[in-house]
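Engineer: So I've got this file, protein-v6.tsv, and it contains TSV, C-alpha atoms:
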chain	number	residue	atom	x	y	z
Z	1	MET	CA	0.00	0.00	0.00
Z	2	PRO	CA	1.53	3.38	-1.01
Z	3	ILE	CA	2.57	5.68	1.83
Z	4	THR	CA	0.82	9.05	1.72
Z	5	THR	CA	2.05	12.34	3.18
Z	6	ASP	CA	0.85	15.89	2.60
Z	7	SER	CA	2.95	18.11	0.33
Z	8	THR	CA	4.08	20.40	3.15
Z	9	ALA	CA	5.35	17.51	5.28
Z	10	SER	CA	7.18	15.89	2.37
Z	11	ALA	CA	9.46	18.93	2.12
Z	12	THR	CA	10.75	18.49	5.67
Z	13	PRO	CA	13.19	15.79	6.90
Z	14	ALA	CA	11.86	12.52	8.27
Z	15	LEU	CA	14.35	12.73	11.14
Z	16	GLU	CA	16.51	15.57	12.40
Z	17	THR	CA	18.73	15.88	15.46
Z	18	VAL	CA	20.72	18.87	16.68
Z	19	GLY	CA	23.37	18.63	19.39
Z	20	LEU	CA	21.97	15.38	20.78
Z	21	HIS	CA	23.59	14.04	23.96
Z	22	LYS	CA	22.70	11.18	26.28
Z	23	ARG	CA	24.37	10.47	29.60
Z	24	TYR	CA	23.88	7.54	31.93
Z	25	GLY	CA	25.60	8.79	35.05
Z	26	ALA	CA	29.30	8.96	34.18
Z	27	VAL	CA	28.76	7.24	30.82
Z	28	HIS	CA	28.44	9.67	27.88
Z	29	ALA	CA	26.58	7.44	25.39
Z	30	LEU	CA	25.86	10.10	22.73
Z	31	ARG	CA	28.18	13.04	22.17
Z	32	GLY	CA	26.56	15.76	20.08
Z	33	ILE	CA	24.72	13.97	17.26
Z	34	ASP	CA	23.71	16.18	14.30
Z	35	LEU	CA	21.78	14.14	11.76
Z	36	VAL	CA	19.24	14.60	8.96
Z	37	VAL	CA	17.35	11.70	7.36
Z	38	ARG	CA	15.36	12.56	4.26
Z	39	ARG	CA	11.86	11.27	3.62
Z	40	GLY	CA	11.66	8.28	1.32
Z	41	GLU	CA	15.18	7.03	1.99
Z	42	MET	CA	16.54	3.89	3.58
Z	43	PHE	CA	19.04	5.10	6.17
Z	44	ALA	CA	21.40	2.79	8.06
Z	45	LEU	CA	23.20	3.47	11.32
Z	46	LEU	CA	26.24	1.18	11.30
Z	47	GLY	CA	28.64	0.60	14.17
Z	48	PRO	CA	29.92	-1.85	16.77
Z	49	ASN	CA	28.07	-2.96	19.87
Z	50	GLY	CA	28.19	-0.23	22.49
Z	51	ALA	CA	28.75	2.57	19.97
Z	52	GLY	CA	25.45	4.31	20.75
Z	53	LYS	CA	23.23	2.84	18.00
Z	54	THR	CA	20.42	1.64	20.24
Z	55	THR	CA	20.53	4.79	22.39
Z	56	LEU	CA	20.08	7.04	19.34
Z	57	PHE	CA	17.43	4.69	17.95
Z	58	SER	CA	15.52	4.78	21.24
Z	59	ILE	CA	15.51	8.59	21.38
Z	60	LEU	CA	14.25	8.89	17.81
Z	61	ALA	CA	11.60	6.24	18.43
Z	62	THR	CA	10.36	8.24	21.48
Z	63	LEU	CA	11.42	5.52	23.93
Z	64	LEU	CA	14.12	7.54	25.67
Z	65	LYS	CA	14.65	11.22	26.46
Z	66	PRO	CA	17.93	12.92	25.51
Z	67	SER	CA	20.04	14.61	28.16
Z	68	GLU	CA	20.61	17.57	25.85
Z	69	GLY	CA	19.74	18.65	22.32
Z	70	GLU	CA	16.72	18.28	20.09
Z	71	ALA	CA	15.24	15.46	18.02
Z	72	ARG	CA	12.39	15.91	15.55
Z	73	VAL	CA	10.57	13.02	13.89
Z	74	LEU	CA	8.23	13.70	10.96
Z	75	SER	CA	8.36	17.37	12.02
Z	76	PHE	CA	7.23	16.56	15.58
Z	77	ASP	CA	9.34	16.98	18.71
Z	78	ALA	CA	10.35	13.48	19.83
Z	79	VAL	CA	9.83	14.36	23.51
Z	80	ARG	CA	6.94	16.83	23.69
Z	81	GLU	CA	4.95	15.39	20.77
Z	82	ARG	CA	5.75	11.71	21.08
Z	83	VAL	CA	2.07	10.69	20.75
Z	84	GLN	CA	1.89	12.24	17.28
Z	85	VAL	CA	5.15	10.51	16.35
Z	86	ARG	CA	3.97	7.11	17.53
Z	87	GLN	CA	0.77	7.40	15.50
Z	88	ARG	CA	2.83	7.69	12.33
Z	89	MET	CA	5.63	5.17	12.90
Z	90	GLY	CA	6.15	1.43	12.99
Z	91	ILE	CA	8.91	-0.35	14.88
Z	92	VAL	CA	10.64	-3.73	14.94
Z	93	PHE	CA	12.69	-4.28	18.08
Z	94	GLN	CA	15.85	-6.30	18.49
Z	95	GLU	CA	14.00	-8.61	20.89
Z	96	PRO	CA	10.74	-10.35	19.81
Z	97	ALA	CA	7.57	-8.57	20.91
Z	98	LEU	CA	4.87	-10.91	19.63
Z	99	GLU	CA	2.00	-12.25	21.71
Z	100	GLY	CA	3.15	-15.85	21.70
Z	101	LYS	CA	-0.15	-17.58	22.45
Z	102	LEU	CA	-2.11	-15.61	19.88
Z	103	SER	CA	-2.29	-16.61	16.24
Z	104	VAL	CA	-0.41	-14.69	13.59
Z	105	ARG	CA	-3.71	-13.31	12.29
Z	106	ASP	CA	-4.77	-12.12	15.75
Z	107	ASN	CA	-1.39	-10.50	16.39
Z	108	LEU	CA	-1.89	-8.35	13.29
Z	109	TYR	CA	-5.55	-7.66	13.98
Z	110	LEU	CA	-4.95	-6.48	17.54
Z	111	MET	CA	-2.11	-4.23	16.44
Z	112	GLY	CA	-4.45	-2.66	13.93
Z	113	LEU	CA	-6.99	-1.95	16.68
Z	114	PHE	CA	-4.18	-0.55	18.86
Z	115	TYR	CA	-3.37	1.96	16.12
Z	116	GLY	CA	-7.01	3.04	15.92
Z	117	LEU	CA	-8.18	1.14	12.86
Z	118	SER	CA	-11.80	0.00	12.80
Z	119	SER	CA	-12.42	-3.71	13.25
Z	120	ARG	CA	-13.18	-4.07	9.56
Z	121	ALA	CA	-10.12	-2.08	8.48
Z	122	ALA	CA	-7.87	-4.05	10.84
Z	123	LYS	CA	-9.09	-7.35	9.40
Z	124	THR	CA	-8.68	-6.13	5.82
Z	125	ARG	CA	-5.18	-4.83	6.43
Z	126	SER	CA	-4.19	-8.03	8.28
Z	127	LEU	CA	-5.30	-10.17	5.34
Z	128	GLU	CA	-3.39	-7.92	2.94
Z	129	LEU	CA	-0.16	-8.21	4.93
Z	130	LEU	CA	-0.51	-11.97	5.36
Z	131	GLY	CA	-0.48	-12.24	1.58
Z	132	THR	CA	2.22	-9.65	0.94
Z	133	LEU	CA	4.65	-11.17	3.46
Z	134	ASP	CA	3.89	-14.79	2.51
Z	135	LEU	CA	2.32	-15.64	5.88
Z	136	GLU	CA	-1.03	-17.03	4.77
Z	137	GLU	CA	-0.08	-20.66	5.49
Z	138	VAL	CA	0.77	-19.84	9.13
Z	139	ALA	CA	-2.01	-17.29	9.74
Z	140	GLY	CA	-3.79	-19.54	12.26
Z	141	ARG	CA	-0.63	-20.76	14.02
Z	142	GLU	CA	0.38	-19.52	17.46
Z	143	ALA	CA	3.23	-17.02	17.14
Z	144	GLN	CA	5.38	-18.96	19.62
Z	145	LYS	CA	5.38	-21.95	17.26
Z	146	LEU	CA	6.88	-20.10	14.30
Z	147	SER	CA	10.44	-20.32	13.01
Z	148	GLY	CA	12.79	-17.40	13.59
Z	149	GLY	CA	12.38	-16.09	10.07
Z	150	GLN	CA	8.58	-16.34	10.24
Z	151	LYS	CA	8.53	-14.47	13.56
Z	152	ARG	CA	10.58	-11.64	12.09
Z	153	ARG	CA	8.18	-11.33	9.15
Z	154	VAL	CA	5.22	-11.20	11.55
Z	155	GLU	CA	7.04	-8.50	13.53
Z	156	LEU	CA	7.46	-6.56	10.29
Z	157	ALA	CA	3.79	-7.07	9.39
Z	158	ARG	CA	2.73	-5.73	12.80
Z	159	ALA	CA	4.93	-2.68	12.30
Z	160	LEU	CA	3.32	-2.04	8.89
Z	161	VAL	CA	-0.30	-2.68	9.82
Z	162	ALA	CA	-1.18	1.03	10.15
Z	163	THR	CA	0.75	1.96	6.98
Z	164	PRO	CA	3.27	4.12	8.83
Z	165	GLU	CA	5.24	6.95	7.24
Z	166	LEU	CA	8.40	5.85	9.05
Z	167	LEU	CA	9.71	2.41	9.97
Z	168	PHE	CA	12.29	1.87	12.73
Z	169	LEU	CA	14.33	-1.35	12.69
Z	170	ASP	CA	16.73	-2.10	15.56
Z	171	GLU	CA	19.09	-5.00	14.69
Z	172	ALA	CA	15.94	-6.55	13.25
Z	173	THR	CA	17.52	-9.67	11.70
Z	174	LEU	CA	19.76	-10.65	14.61
Z	175	GLY	CA	20.04	-14.45	14.74
Z	176	LEU	CA	18.41	-15.13	11.36
Z	177	ASP	CA	19.97	-17.30	8.69
Z	178	VAL	CA	20.99	-15.87	5.32
Z	179	ASP	CA	17.77	-16.82	3.49
Z	180	ALA	CA	15.51	-15.43	6.22
Z	181	ARG	CA	17.49	-12.18	6.29
Z	182	ARG	CA	17.29	-11.85	2.50
Z	183	GLN	CA	13.51	-12.30	2.53
Z	184	PHE	CA	13.07	-9.83	5.39
Z	185	TRP	CA	15.10	-7.11	3.64
Z	186	GLY	CA	13.26	-7.72	0.40
Z	187	GLU	CA	10.03	-6.76	2.14
Z	188	VAL	CA	11.65	-3.70	3.70
Z	189	ARG	CA	12.85	-2.49	0.31
Z	190	ARG	CA	9.33	-2.96	-1.04
Z	191	TYR	CA	8.05	-0.66	1.72
Z	192	VAL	CA	10.64	1.99	0.75
Z	193	GLY	CA	9.62	1.59	-2.89
Z	194	ASP	CA	6.06	2.48	-1.87
Z	195	GLY	CA	7.28	5.77	-0.40
Z	196	GLY	CA	8.11	4.83	3.18
Z	197	THR	CA	11.18	5.92	5.14
Z	198	VAL	CA	13.37	3.43	7.01
Z	199	PHE	CA	15.82	4.10	9.83
Z	200	LEU	CA	17.72	0.96	10.76
Z	201	THR	CA	20.57	-0.01	13.05
Z	202	THR	CA	22.90	-2.87	12.26
Z	203	HIS	CA	26.43	-4.15	12.66
Z	204	TYR	CA	26.12	-6.32	9.53
Z	205	MET	CA	28.00	-4.73	6.62
Z	206	ASP	CA	25.83	-6.42	3.98
Z	207	GLU	CA	22.62	-5.10	5.55
Z	208	ALA	CA	23.87	-1.52	5.53
Z	209	GLU	CA	25.11	-1.79	1.93
Z	210	PRO	CA	21.67	-1.43	0.20
Z	211	ALA	CA	20.83	1.73	2.18
Z	212	ASP	CA	20.65	5.05	0.36
Z	213	ARG	CA	22.92	6.55	3.01
Z	214	ILE	CA	24.88	5.23	5.96
Z	215	ALA	CA	26.10	6.89	9.13
Z	216	LEU	CA	29.06	5.27	10.87
Z	217	ILE	CA	28.86	5.69	14.64
Z	218	ASP	CA	31.63	5.02	17.16
Z	219	HIS	CA	31.94	6.04	20.82
Z	220	GLY	CA	28.69	7.99	20.62
Z	221	GLN	CA	29.72	10.15	17.65
Z	222	ILE	CA	28.94	10.10	13.94
Z	223	ILE	CA	32.37	9.68	12.31
Z	224	ALA	CA	31.22	9.58	8.68
Z	225	ILE	CA	28.03	9.82	6.67
Z	226	GLY	CA	27.23	9.34	3.00
Z	227	SER	CA	26.13	6.86	0.38
Z	228	PRO	CA	27.93	3.49	0.44
Z	229	GLN	CA	30.06	4.56	-2.52
Z	230	GLU	CA	30.86	7.96	-1.02
Z	231	LEU	CA	32.09	6.28	2.15
Z	232	LYS	CA	34.21	3.80	0.21
Z	233	ASN	CA	35.76	6.63	-1.78
Z	234	ARG	CA	37.14	7.99	1.49
Z	235	VAL	CA	39.52	5.04	1.67
Z	236	GLY	CA	41.41	6.65	-1.21
Z	237	GLY	CA	42.40	3.71	-3.41
Z	238	GLY	CA	42.17	-0.04	-3.85
Z	239	VAL	CA	42.71	-2.52	-1.03
Z	240	LEU	CA	45.45	-5.14	-0.88
Z	241	LEU	CA	45.01	-7.79	1.81
Z	242	LEU	CA	47.88	-10.14	2.67
Z	243	ALA	CA	47.65	-13.13	5.00
Z	244	THR	CA	51.20	-14.17	5.94
Z	245	ASP	CA	52.98	-16.49	8.36
Z	246	ASP	CA	53.88	-13.43	10.47
Z	247	ASP	CA	51.62	-10.42	9.84
Z	248	GLU	CA	53.35	-8.18	12.37
Z	249	ARG	CA	56.76	-8.77	10.78
Z	250	ALA	CA	55.30	-8.20	7.31
Z	251	ALA	CA	53.69	-4.94	8.46
Z	252	GLN	CA	56.93	-3.71	10.00
Z	253	TRP	CA	58.81	-4.46	6.77
Z	254	LEU	CA	56.20	-2.50	4.82
Z	255	ARG	CA	56.42	0.47	7.20
Z	256	GLU	CA	60.19	0.60	6.75
Z	257	ARG	CA	59.58	1.03	3.02
Z	258	GLY	CA	57.12	3.91	3.33
Z	259	HIS	CA	53.81	2.03	3.31
Z	260	HIS	CA	51.04	2.44	5.89
Z	261	PRO	CA	49.64	-1.02	6.70
Z	262	GLU	CA	46.85	-1.88	9.10
Z	263	VAL	CA	46.88	-5.28	10.81
Z	264	SER	CA	43.66	-7.05	11.78
Z	265	GLU	CA	42.47	-10.63	12.13
Z	266	ARG	CA	42.03	-10.72	8.34
Z	267	GLY	CA	45.70	-9.99	7.76
Z	268	VAL	CA	47.78	-7.01	6.62
Z	269	LEU	CA	45.74	-4.38	4.82
Z	270	LEU	CA	47.22	-1.79	2.47
Z	271	VAL	CA	45.41	1.00	0.63
Z	272	GLU	CA	47.23	1.82	-2.58
Z	273	PRO	CA	46.38	3.71	-5.80
Z	274	GLU	CA	47.29	0.63	-7.91
Z	275	PRO	CA	47.33	-2.40	-5.58
Z	276	ALA	CA	47.35	-4.99	-8.39
Z	277	ALA	CA	50.49	-3.45	-9.91
Z	278	LEU	CA	52.23	-3.44	-6.53
Z	279	LEU	CA	51.39	-7.03	-5.61
Z	280	PRO	CA	54.02	-8.97	-7.65
Z	281	ALA	CA	56.92	-6.96	-6.20
Z	282	LEU	CA	55.63	-7.41	-2.65
Z	283	LEU	CA	55.21	-11.16	-3.05
Z	284	ALA	CA	58.76	-11.43	-4.35
Z	285	SER	CA	60.32	-9.30	-1.61
Z	286	LEU	CA	58.38	-9.85	1.62
Z	287	PRO	CA	60.59	-11.55	4.25
Z	288	VAL	CA	57.75	-13.90	5.28
Z	289	ARG	CA	55.67	-16.40	3.35
Z	290	THR	CA	52.38	-15.08	1.98
Z	291	ARG	CA	49.58	-17.62	2.34
Z	292	ARG	CA	46.90	-15.56	0.63
Z	293	ALA	CA	46.73	-12.29	-1.28
Z	294	GLU	CA	43.58	-10.42	-2.31
Z	295	VAL	CA	42.97	-7.21	-4.24
Z	296	HIS	CA	39.53	-5.67	-3.97
Z	297	GLU	CA	37.55	-2.45	-3.99
Z	298	PRO	CA	37.13	-0.88	-0.54
Z	299	SER	CA	34.37	-2.31	1.64
Z	300	LEU	CA	32.49	-0.67	4.50
Z	301	GLU	CA	34.66	-2.68	6.87
Z	302	ASP	CA	37.73	-1.15	5.23
Z	303	VAL	CA	36.19	2.30	5.74
Z	304	PHE	CA	35.63	1.67	9.45
Z	305	LEU	CA	39.17	0.32	9.84
Z	306	LYS	CA	40.62	3.32	8.00
Z	307	LEU	CA	38.70	5.85	10.12
Z	308	THR	CA	39.12	4.23	13.54
Z	309	GLY	CA	42.12	1.91	13.31
Z	310	ARG	CA	39.90	-0.93	14.51
Z	311	ALA	CA	38.21	-3.75	12.64
Z	312	LEU	CA	34.43	-4.11	12.82
Z	313	GLU	CA	33.68	-7.85	12.89
Z	314	ASN	CA	30.21	-9.20	13.76
Z	315	GLY	CA	29.43	-6.26	15.99
Z	316	ALA	CA	32.70	-6.38	17.92
Z	317	VAL	CA	35.64	-4.06	17.40
Z	318	LYS	CA	39.19	-5.31	17.47
Z	319	ALA	CA	42.23	-3.06	17.60
Z	320	ALA	CA	44.41	-2.99	14.54
Z	321	ALA	CA	48.12	-2.26	14.51
Z	322	ARG	CA	48.61	0.95	12.56
Z	323	GLY	CA	51.47	2.06	10.40
Could you write out this file's structure as structure tokens?
Structural biologist:
Amino acid sequence: MPITTDSTASATPALETVGLHKRYGAVHALRGIDLVVRRGEMFALLGPNGAGKTTLFSILATLLKPSEGEARVLSFDAVRERVQVRQRMGIVFQEPALEGKLSVRDNLYLMGLFYGLSSRAAKTRSLELLGTLDLEEVAGREAQKLSGGQKRRVELARALVATPELLFLDEATLGLDVDARRQFWGEVRRYVGDGGTVFLTTHYMDEAEPADRIALIDHGQIIAIGSPQELKNRVGGGVLLLATDDDERAAQWLRERGHHPEVSERGVLLVEPEPAALLPALLASLPVRTRRAEVHEPSLEDVFLKLTGRALENGAVKAAARG
């Protein structure tokens, strides 16, 4: 179902924060977040666990008050006008929020009533979503008896039941297998294609990749923002990755010859203007055996490593030796 907004609203950002801070006692979780998310875009907040993703998400979704600064959602103040925000948004939490003993159909129907739909409209919309998200065969099944992938699709259906202008997704595919994740994101992209706006948090590189824009967050601060390609361009060249018998020794040898390697669990990483041309000479001269060599275009993981000196791997950050 297409998402409708009035012409005046469509000219304003879907989300906007100015000088946003959040403190938990001595812990400074957010440190001056300035952010604009345009309507109709899929926007990803990418960063390691503990970086501030869920805190920022919770403030924007009206679940948490900031310590300082302002957040506006669909032109409404996220603190003073949170009721108006909640009427226009859908949300999928990191943890399941289904009523386990109710059927899939009843979960959707009750959510429709919660959002103020009439009984007839709630039933009609529930049937529509059961078909759209391929849930018709399990419509009468208790939610607690579904597979992980099915539960996530029901969560998404509940979030979409009132045809929201904005969809919040917090690590929404955590624990799902590759096929279930692919199906889930296919439905999300369909929602964006109908005119909806998505704000998602993730530490999966491949989930952030299809977003229109990505913000990298670390230690409560936005360290970079742009389209996936714009972020990759910041690396400044192609990437050469070497896995050797002694990565630290290889990195030291490279530093002595004017290169600037980074060392992570993947191996020794070099950013060079022409990495393929450099590779044969390195393989012939390195003082340690090279077990594997790869040349590739920069990835989002390479961007994070370049900007922070740490590797982002499955939500955890690991320090990299810098040249």
Engineer: Go through stretch 92-116 of chain Z and flag each residue having an atom no more than 12 Å from stretch 42-61 of chain Z; for those, report the closest pair of atoms plus their distance in Å to one decimal, using all atoms listed in the file, ordered by chain and rising number, as a tab-separated table.
Structural biologist:
residue	atom	partner	partner_atom	distance
Z:Val92	CA	Z:Ala61	CA	10.6
Z:Phe93	CA	Z:Thr54	CA	10.0
Z:Gln94	CA	Z:Thr54	CA	9.3
Engineer: So that I can check the surroundings of Z:Pro228, please list as a list in words every protein, DNA and RNA residue that reaches within 7 Å of it, counting all atoms listed in the file and ignoring chain neighbours fewer than 6 positions away.
Structural biologist: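 The contact residues come out as Glu209, Arg213 and Ile214 of chain Z.
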Engineer: Rank Z:His203, Z:Lys145, Z:Arg292, Z:Arg182 by their smallest atom-to-atom distance to Z:Leu312, using all atoms listed in the file, and report the top residue only.
Structural biologist: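 Of Z:His203, Z:Lys145, Z:Arg292, Z:Arg182, the one nearest Z:Leu312 is Z:His203, counting all atoms listed in the file.
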Engineer: Quick one: residues within 7 Å of stretch 119-134 of chain Z, only C-alpha atoms, excluding same-chain residues fewer than 4 positions away - as a PyMOL selection string?
Structural biologist: chain Z and resi 105+108-109+112-113+153+157+161
Engineer: Just the residues within 10 Å of Z:Asn233, please, counting only C-alpha atoms, with nothing from its chain fewer than 3 positions along; format it as a list of chain:residue names.
Structural biologist: Z:Ser227, Z:Pro228, Z:Gln229, Z:Glu230, Z:Gly236, Z:Gly237, Z:Gly238, Z:Glu297, Z:Pro298, Z:Ser299, Z:Val303
Engineer: Have a look at Z:Thr62, Z:Glu41, Z:Leu30, Z:Val288 and name the one nearest to Z:Arg189; count only C-alpha atoms.
Structural biologist: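 Closest residue, counting only C-alpha atoms: Z:Glu41.
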Engineer: For a quick check of understanding, using only C-alpha atoms, which of Z:Ala11, Z:Leu102, Z:Ser67, Z:Pro164 has the smallest distance to Z:Gly25?
Structural biologist: Z:Ser67
Engineer: For a test of reading the model, state the distance in Å between atom CA of Z:Ala293 and atom CA of Z:Ala224, rounded to one decimal.
Structural biologist: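 Atom-to-atom, atom CA of Z:Ala293 to atom CA of Z:Ala224, that is 28.6 Å.
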Engineer: Using Å and a single decimal, report how far atom CA of Z:Arg190 sits from atom CA of Z:Glu207.
Structural biologist: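 One can read the atom CA of Z:Glu207 to atom CA of Z:Arg190 distance as 15.0 Å.
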Engineer: Identify which of the residues Z:Ser118, Z:Gln221, Z:Thr244, Z:Ser75 lies closest to Z:Glu294, counting only C-alpha atoms when measuring atom-to-atom distances.
Structural biologist: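 Using only C-alpha atoms, the shortest distance to Z:Glu294 belongs to Z:Thr244.
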Engineer: Would you mind listing what lies within 10 Å of Z:Arg82 as a list in words, with only C-alpha atoms counted and same-chain residues fewer than 2 positions away left out?
Structural biologist: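 The filter keeps Leu60, Ala61, Thr62, Leu63, Arg72, Val73, Phe76, Asp77, Ala78, Val79, Arg80, Gln84, Val85, Arg86 and Gln87 of chain Z.
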Engineer: Could you dump the residues just selected with C-alpha atoms as a short mmCIF file (atom, residue, chain, number, x, y, z; two decimals), in the frame of the given file?
Structural biologist:
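Output saved as again_12.cif:
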data_model
loop_
_atom_site.label_atom_id
_atom_site.label_comp_id
_atom_site.auth_asym_id
_atom_site.auth_seq_id
_atom_site.Cartn_x
_atom_site.Cartn_y
_atom_site.Cartn_z
CA LEU Z 60 14.25 8.89 17.81
CA ALA Z 61 11.60 6.24 18.43
CA THR Z 62 10.36 8.24 21.48
CA LEU Z 63 11.42 5.52 23.93
CA ARG Z 72 12.39 15.91 15.55
CA VAL Z 73 10.57 13.02 13.89
CA PHE Z 76 7.23 16.56 15.58
CA ASP Z 77 9.34 16.98 18.71
CA ALA Z 78 10.35 13.48 19.83
CA VAL Z 79 9.83 14.36 23.51
CA ARG Z 80 6.94 16.83 23.69
CA GLN Z 84 1.89 12.24 17.28
CA VAL Z 85 5.15 10.51 16.35
CA ARG Z 86 3.97 7.11 17.53
CA GLN Z 87 0.77 7.40 15.50
#
Engineer: Write out as an mmCIF file with C-alpha atoms, in the coordinates of the input each polymer residue whose atoms come within 8 Å of Z:Glu16, counting all atoms listed in the file; drop sequence neighbours fewer than 6 positions from it.
Structural biologist:
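Final file, result-v8.cif:
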data_model
loop_
_atom_site.group_PDB
_atom_site.id
_atom_site.type_symbol
_atom_site.label_atom_id
_atom_site.label_comp_id
_atom_site.auth_asym_id
_atom_site.auth_seq_id
_atom_site.Cartn_x
_atom_site.Cartn_y
_atom_site.Cartn_z
ATOM 1 C CA ASP Z 34 23.710 16.180 14.300
ATOM 2 C CA LEU Z 35 21.780 14.140 11.760
ATOM 3 C CA VAL Z 36 19.240 14.600 8.960
ATOM 4 C CA VAL Z 37 17.350 11.700 7.360
ATOM 5 C CA ALA Z 71 15.240 15.460 18.020
ATOM 6 C CA ARG Z 72 12.390 15.910 15.550
ATOM 7 C CA VAL Z 73 10.570 13.020 13.890
#
Engineer: Around (12.3, -9.1, 18.3), as given in the file, which residues come within 12 Å? Count all atoms listed in the file and list them as JSON, numbers by chain.
Structural biologist: {"Z": [91, 92, 93, 94, 95, 96, 97, 98, 99, 100, 148, 149, 150, 151, 152, 153, 154, 155, 156, 158, 159, 169, 170, 171, 172, 173, 174, 175, 176]}
Engineer: With C-alpha atoms kept, could you save the residues just selected as a short mmCIF file (atom, residue, chain, number, x, y, z; two decimals), in the coordinates of the input?
Structural biologist:
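For reference, out-v2.cif as written:
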data_model
loop_
_atom_site.label_atom_id
_atom_site.label_comp_id
_atom_site.auth_asym_id
_atom_site.auth_seq_id
_atom_site.Cartn_x
_atom_site.Cartn_y
_atom_site.Cartn_z
CA ILE Z 91 8.91 -0.35 14.88
CA VAL Z 92 10.64 -3.73 14.94
CA PHE Z 93 12.69 -4.28 18.08
CA GLN Z 94 15.85 -6.30 18.49
CA GLU Z 95 14.00 -8.61 20.89
CA PRO Z 96 10.74 -10.35 19.81
CA ALA Z 97 7.57 -8.57 20.91
CA LEU Z 98 4.87 -10.91 19.63
CA GLU Z 99 2.00 -12.25 21.71
CA GLY Z 100 3.15 -15.85 21.70
CA GLY Z 148 12.79 -17.40 13.59
CA GLY Z 149 12.38 -16.09 10.07
CA GLN Z 150 8.58 -16.34 10.24
CA LYS Z 151 8.53 -14.47 13.56
CA ARG Z 152 10.58 -11.64 12.09
CA ARG Z 153 8.18 -11.33 9.15
CA VAL Z 154 5.22 -11.20 11.55
CA GLU Z 155 7.04 -8.50 13.53
CA LEU Z 156 7.46 -6.56 10.29
CA ARG Z 158 2.73 -5.73 12.80
CA ALA Z 159 4.93 -2.68 12.30
CA LEU Z 169 14.33 -1.35 12.69
CA ASP Z 170 16.73 -2.10 15.56
CA GLU Z 171 19.09 -5.00 14.69
CA ALA Z 172 15.94 -6.55 13.25
CA THR Z 173 17.52 -9.67 11.70
CA LEU Z 174 19.76 -10.65 14.61
CA GLY Z 175 20.04 -14.45 14.74
CA LEU Z 176 18.41 -15.13 11.36
#
Engineer: Mind giving me the straight-line distance from atom CA of Z:Asp212 to atom CA of Z:Glu272 in Å, one decimal?
Structural biologist: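 Rounded to one decimal, the two atoms are 26.9 Å apart.
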Engineer: Please, which residues are within 8 Å of (9.6, 3.9, 9.5) by the file's coordinates, counting only C-alpha atoms, and could they come as an MDAnalysis selection string?
Structural biologist: chainID Z and resid 89:91 164:169 196:199
Engineer: So, counting only C-alpha atoms, which residue among Z:Leu269, Z:Leu282, Z:Leu300, Z:Val263 is closest to Z:Leu231?
Structural biologist: Z:Leu300
Engineer: Box for stretch 185-189 of chain Z: with edges along x, y and z, all listed atoms inside and 5 Å added on each side, what are the centre and edge lengths in Å to one decimal, as lines of an AutoDock Vina configuration file?
Structural biologist:
center_x = 12.6
center_y = -5.1
center_z = 2.0
size_x = 15.1
size_y = 15.2
size_z = 13.4
Engineer: In terms of the shortest atom-to-atom distance over all atoms listed in the file, which of Z:Leu283, Z:Leu305, Z:Leu20, Z:Ala162 is closest to Z:Leu110?
Structural biologist: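 Residue with the minimum atom-to-atom distance to Z:Leu110: Z:Ala162.
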Engineer: Some atoms are absent from stretch 197-204 of chain Z, so rebuild N, CA, C and O atoms and return them as a PDB file, in the coordinates of the input.
Structural biologist:
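selection_7.pdb, freshly written:
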ATOM      1  N   THR Z 197       9.827   5.588   4.690  1.00  0.00           N
ATOM      2  CA  THR Z 197      11.180   5.920   5.140  1.00  0.00           C
ATOM      3  C   THR Z 197      11.608   4.892   6.163  1.00  0.00           C
ATOM      4  O   THR Z 197      10.817   4.508   7.036  1.00  0.00           O
ATOM      5  N   VAL Z 198      12.859   4.437   6.083  1.00  0.00           N
ATOM      6  CA  VAL Z 198      13.370   3.430   7.010  1.00  0.00           C
ATOM      7  C   VAL Z 198      14.614   3.971   7.713  1.00  0.00           C
ATOM      8  O   VAL Z 198      15.524   4.506   7.067  1.00  0.00           O
ATOM      9  N   PHE Z 199      14.624   3.825   9.032  1.00  0.00           N
ATOM     10  CA  PHE Z 199      15.820   4.100   9.830  1.00  0.00           C
ATOM     11  C   PHE Z 199      16.180   2.808  10.531  1.00  0.00           C
ATOM     12  O   PHE Z 199      15.410   2.286  11.344  1.00  0.00           O
ATOM     13  N   LEU Z 200      17.354   2.253  10.213  1.00  0.00           N
ATOM     14  CA  LEU Z 200      17.720   0.960  10.760  1.00  0.00           C
ATOM     15  C   LEU Z 200      19.084   1.010  11.425  1.00  0.00           C
ATOM     16  O   LEU Z 200      19.953   1.797  11.044  1.00  0.00           O
ATOM     17  N   THR Z 201      19.257   0.183  12.433  1.00  0.00           N
ATOM     18  CA  THR Z 201      20.570  -0.010  13.050  1.00  0.00           C
ATOM     19  C   THR Z 201      21.048  -1.411  12.737  1.00  0.00           C
ATOM     20  O   THR Z 201      20.252  -2.358  12.665  1.00  0.00           O
ATOM     21  N   THR Z 202      22.334  -1.544  12.532  1.00  0.00           N
ATOM     22  CA  THR Z 202      22.900  -2.870  12.260  1.00  0.00           C
ATOM     23  C   THR Z 202      24.400  -2.849  12.483  1.00  0.00           C
ATOM     24  O   THR Z 202      25.029  -1.789  12.484  1.00  0.00           O
ATOM     25  N   HIS Z 203      24.966  -4.029  12.709  1.00  0.00           N
ATOM     26  CA  HIS Z 203      26.430  -4.150  12.660  1.00  0.00           C
ATOM     27  C   HIS Z 203      26.823  -5.107  11.528  1.00  0.00           C
ATOM     28  O   HIS Z 203      27.989  -5.457  11.397  1.00  0.00           O
ATOM     29  N   TYR Z 204      25.846  -5.498  10.702  1.00  0.00           N
ATOM     30  CA  TYR Z 204      26.120  -6.320   9.530  1.00  0.00           C
ATOM     31  C   TYR Z 204      26.428  -5.414   8.331  1.00  0.00           C
ATOM     32  O   TYR Z 204      25.593  -4.607   7.936  1.00  0.00           O
TER      33      TYR Z 204
END
